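Structure record follows, encoded as structure tokens.
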Amino acid sequence: MLKDKDIRESLFDYLENEYKKARFFEEKMIGKSRADVVMVITSALVGIEIKSDADTYARLESQIKDYDKYFDYNIVVAGGSHGLHVSEHVPEHWGIITVDEVDGKPDFYFLRRPEINKKAKLQRKLELLWRPELGVILEKFGLPKYANQSKPFVRKKLIEFTKMPLTNAEITRIKRAAKLEGVEPVIPESRLDENELSTAISELLFERDYEKLLSEINEFRKARNPRRRGTKKSTSVKRIRRRNKSSK
């Protein structure tokens with residue numbers, strides 16, 4: 001009987017062969033659930049839930065709701081005991097990969113390819129990014145830096161930019177640039193295109209460097225919360241031992 005630990009490494013090899021370019025993150029919190037695997041591919045995020053022969057469907061309904069909030073595509077990897085009826089437990093847009101044990105090794109088969117998940121929320125995808133990565137996105141699209149602002153603040157602003165129309169000055173600049181190039185101007189509907197933002201999220205996760213990011217996060221925290229200068233007052237508590245006075 002194949003268990004989760006028997007499946008993962010071989011699954012990554014199989015998916016890399018299928019998608020050519022992929023990066024994997026394991027055990028990521030998404031809402032109230034924990035995604036077994038997040039696969040980053042070109043311009044998209046794929047949530048992967050593993051149901052080995054040792055697992056049940058007890059939590060799958062709530063997991064599906066969380067997966068559908070975060071990922072462009074979702075896939076369930078089902079062990080042999082689930083293979084025949086797993087399609088009854090996941091939405092039609094979810095992909096299905098079956099896994100059986102052949103000669104002592106996992107053998108995978110794409111029973112159903114995933115389709116685009118229309119329930120995915122851009123706000124949720126932004127929650128997967130760290131603060132320095134949000135800063136990269138702001139710089140990439142020429143937006144204000146919000147240097148000392150928190151992650152929730154920056155995420156909210158990015159979503160606002162996807163709904164904010166261009167100013168007259170910005171439209172004029174686009175028209176002038178197009179005229180100089182001798183082409184028809186293309187005026188975006190908003191200051192930040194949702195598809196471009198989604199692609200940028202995938203690119204950042206694909207290139208994530210944990211050591212560099214941790215260093216940048218520490219610097220960001222120091223900048224936001226500088227230590228007070230001057231003599232540090234003692235915060236120790238002195239204990240006084242009471243002695244009984246002997247009677248004379």
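Going through the structure tokens in order, the chains are called A, B, and so on, while each chain numbers its residues from 1 and the ligands are numbered from 1 in the order shown.
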
Quiz item: Leaving out region 63-69 of chain A and any residue of its chain fewer than 5 positions from it, which residues lie within 9 Å of it when counting only C-alpha atoms, given as a PyMOL selection string?
Solution: chain A and resi 30-35+47-49+74+90-91+117-122+124-125

Self-check item: region 23-95 of chain A: residues DSSP assigns to strand (DSSP E or B), reported as number ranges by chain
Solution: A: 23-30, 33-41, 44-51, 73-79, 95

Quiz prompt | DSSP alpha helix (DSSP H) residues within region 27-225 of chain A, as a ChimeraX atom specification | solution = /A:60-70,122-126,131-140,151-163,168-181,194-206,210-224

Self-check item: Nearest to Lys156 (chain A), chosen from A:Ala54, A:Leu45, A:Ile97, A:Leu134, with only C-alpha atoms counted in the distances
Solution: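 Once distances to Lys156 (chain A) are computed over only C-alpha atoms, the minimum belongs to A:Leu134.
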
Quiz item: With only C-alpha atoms as the basis for distance, which of A:Ala178, A:Ile75, A:Leu15, A:Leu128 is at the shortest distance from Arg112 (chain A)?
Solution: A:Ile75

Exercise. For region 78-89 of chain A, please output as a ChimeraX atom specification all residues within 7 Å (counting only C-alpha atoms; exclusion window: fewer than 6 positions along the same chain).
Key: /A:50-53,97-100

Please produce a file of those selected residues containing all heavy atoms, as a PDB file, in the first residue's frame.
ATOM      1  N   ILE A  50      -2.779  15.243  -2.197  1.00  0.00           N
ATOM      2  CA  ILE A  50      -2.448  13.822  -2.311  1.00  0.00           C
ATOM      3  C   ILE A  50      -3.361  13.007  -1.410  1.00  0.00           C
ATOM      4  O   ILE A  50      -3.438  13.254  -0.199  1.00  0.00           O
ATOM      5  CB  ILE A  50      -0.974  13.569  -1.931  1.00  0.00           C
ATOM      6  CG1 ILE A  50      -0.041  14.356  -2.866  1.00  0.00           C
ATOM      7  CG2 ILE A  50      -0.653  12.079  -1.989  1.00  0.00           C
ATOM      8  CD1 ILE A  50       1.417  14.306  -2.446  1.00  0.00           C
ATOM      9  N   LYS A  51      -4.049  12.056  -1.992  1.00  0.00           N
ATOM     10  CA  LYS A  51      -4.884  11.122  -1.237  1.00  0.00           C
ATOM     11  C   LYS A  51      -4.327   9.719  -1.471  1.00  0.00           C
ATOM     12  O   LYS A  51      -4.679   9.034  -2.428  1.00  0.00           O
ATOM     13  CB  LYS A  51      -6.342  11.204  -1.695  1.00  0.00           C
ATOM     14  CG  LYS A  51      -7.050  12.496  -1.321  1.00  0.00           C
ATOM     15  CD  LYS A  51      -7.109  12.698   0.196  1.00  0.00           C
ATOM     16  CE  LYS A  51      -7.814  13.988   0.568  1.00  0.00           C
ATOM     17  NZ  LYS A  51      -7.722  14.257   2.021  1.00  0.00           N
ATOM     18  N   SER A  52      -3.425   9.318  -0.578  1.00  0.00           N
ATOM     19  CA  SER A  52      -2.833   7.989  -0.701  1.00  0.00           C
ATOM     20  C   SER A  52      -3.839   6.934  -0.263  1.00  0.00           C
ATOM     21  O   SER A  52      -4.937   7.248   0.223  1.00  0.00           O
ATOM     22  CB  SER A  52      -1.574   7.899   0.160  1.00  0.00           C
ATOM     23  OG  SER A  52      -1.923   7.901   1.539  1.00  0.00           O
ATOM     24  N   ASP A  53      -3.465   5.688  -0.403  1.00  0.00           N
ATOM     25  CA  ASP A  53      -4.347   4.591   0.001  1.00  0.00           C
ATOM     26  C   ASP A  53      -4.646   4.633   1.502  1.00  0.00           C
ATOM     27  O   ASP A  53      -5.642   4.078   1.953  1.00  0.00           O
ATOM     28  CB  ASP A  53      -3.712   3.246  -0.357  1.00  0.00           C
ATOM     29  CG  ASP A  53      -3.640   3.035  -1.864  1.00  0.00           C
ATOM     30  OD1 ASP A  53      -4.588   3.439  -2.549  1.00  0.00           O
ATOM     31  OD2 ASP A  53      -2.638   2.484  -2.354  1.00  0.00           O
ATOM     32  N   ILE A  97      -4.864  12.563 -11.066  1.00  0.00           N
ATOM     33  CA  ILE A  97      -3.741  11.678 -11.375  1.00  0.00           C
ATOM     34  C   ILE A  97      -3.886  10.446 -10.489  1.00  0.00           C
ATOM     35  O   ILE A  97      -4.015  10.566  -9.272  1.00  0.00           O
ATOM     36  CB  ILE A  97      -2.379  12.350 -11.096  1.00  0.00           C
ATOM     37  CG1 ILE A  97      -2.161  13.535 -12.041  1.00  0.00           C
ATOM     38  CG2 ILE A  97      -1.241  11.342 -11.243  1.00  0.00           C
ATOM     39  CD1 ILE A  97      -0.892  14.315 -11.768  1.00  0.00           C
ATOM     40  N   THR A  98      -3.894   9.276 -11.103  1.00  0.00           N
ATOM     41  CA  THR A  98      -3.963   8.042 -10.323  1.00  0.00           C
ATOM     42  C   THR A  98      -2.548   7.498 -10.137  1.00  0.00           C
ATOM     43  O   THR A  98      -1.675   7.697 -10.984  1.00  0.00           O
ATOM     44  CB  THR A  98      -4.832   6.987 -11.014  1.00  0.00           C
ATOM     45  OG1 THR A  98      -4.305   6.722 -12.317  1.00  0.00           O
ATOM     46  CG2 THR A  98      -6.266   7.468 -11.143  1.00  0.00           C
ATOM     47  N   VAL A  99      -2.335   6.849  -9.013  1.00  0.00           N
ATOM     48  CA  VAL A  99      -1.027   6.265  -8.743  1.00  0.00           C
ATOM     49  C   VAL A  99      -1.205   4.844  -8.223  1.00  0.00           C
ATOM     50  O   VAL A  99      -1.967   4.603  -7.283  1.00  0.00           O
ATOM     51  CB  VAL A  99      -0.212   7.131  -7.751  1.00  0.00           C
ATOM     52  CG1 VAL A  99      -1.013   7.419  -6.484  1.00  0.00           C
ATOM     53  CG2 VAL A  99       1.104   6.458  -7.387  1.00  0.00           C
ATOM     54  N   ASP A 100      -0.516   3.916  -8.863  1.00  0.00           N
ATOM     55  CA  ASP A 100      -0.542   2.508  -8.458  1.00  0.00           C
ATOM     56  C   ASP A 100       0.887   2.032  -8.235  1.00  0.00           C
ATOM     57  O   ASP A 100       1.848   2.624  -8.744  1.00  0.00           O
ATOM     58  CB  ASP A 100      -1.212   1.651  -9.532  1.00  0.00           C
ATOM     59  CG  ASP A 100      -2.696   1.933  -9.660  1.00  0.00           C
ATOM     60  OD1 ASP A 100      -3.437   1.637  -8.718  1.00  0.00           O
ATOM     61  OD2 ASP A 100      -3.105   2.477 -10.709  1.00  0.00           O
TER      62      ASP A 100
END

Determine, using only C-alpha atoms, which residues of region 76-171 of chain A have any atom at most 9 Å from an atom of region 195-200 of chain A, and tabulate each with its shortest atom pair and distance in Å to one decimal place, rows ordered by chain and then rising number, as JSON lines.
{"residue": "A:Leu122", "atom": "CA", "partner": "A:Ser198", "partner_atom": "CA", "distance": 7.1}
{"residue": "A:Lys125", "atom": "CA", "partner": "A:Ser198", "partner_atom": "CA", "distance": 7.9}
{"residue": "A:Leu126", "atom": "CA", "partner": "A:Ser198", "partner_atom": "CA", "distance": 8.6}
{"residue": "A:Ile137", "atom": "CA", "partner": "A:Ala200", "partner_atom": "CA", "distance": 7.0}
{"residue": "A:Lys140", "atom": "CA", "partner": "A:Ala200", "partner_atom": "CA", "distance": 8.8}
{"residue": "A:Phe141", "atom": "CA", "partner": "A:Leu197", "partner_atom": "CA", "distance": 8.9}
{"residue": "A:Leu158", "atom": "CA", "partner": "A:Leu197", "partner_atom": "CA", "distance": 8.7}
{"residue": "A:Thr162", "atom": "CA", "partner": "A:Leu197", "partner_atom": "CA", "distance": 8.6}

Exercise. Considering only C-alpha atoms, return as JSON, numbers by chain whatever protein or nucleic-acid residues lie within 10 Å of Phe25 (chain A), sequence-local ones (same chain, fewer than 2 positions apart) excluded.
Key: {"A": [23, 27, 28, 35, 36, 37, 38, 39, 40, 47, 205, 206]}

Quiz item: With only C-alpha atoms as the atoms that count, which of A:Phe161, A:Thr56, A:Glu26, A:Trp130 lies nearest to Pro144 (chain A)?
Solution: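 Closest to Pro144 (chain A) of all the choices is A:Phe161.
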
Quiz item: At what distance in Å, to one decimal, does CA of Thr167 (chain A) lie from CA of Leu143 (chain A)?
Solution: 13.6 Å

Quiz item: Just how far from CA of Val154 (chain A) is CA of Leu166 (chain A), in Å to one decimal?
Solution: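 CA of Leu166 (chain A) sits 19.2 Å away from CA of Val154 (chain A).
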
Quiz item: Can you tell me, as a ChimeraX atom specification, what residues are no more than 8 Å from Glu203 (chain A) when counting only C-alpha atoms, ignoring any on the same chain fewer than 4 positions away?
Solution: /A:42-43,199,207

Quiz item: Between A:Val77, A:Met29, A:Ile116, A:Leu11, which is the closest to Ala44 (chain A) once you count only C-alpha atoms?
Solution: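 Among A:Val77, A:Met29, A:Ile116, A:Leu11, it is A:Ile116 that comes nearest to Ala44 (chain A).
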
Quiz item: By how many Å are CA of Ser202 (chain A) and CA of Asn218 (chain A) apart?
Solution: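 Taking CA of Ser202 (chain A) as the start and CA of Asn218 (chain A) as the end point, the length is 23.6 Å.
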
Quiz item: Which residue out of A:Ile201, A:Asp13, A:Ser215, A:Asp55 has the minimum interatomic distance to Val136 (chain A) when only C-alpha atoms are used?
Solution: A:Ile201
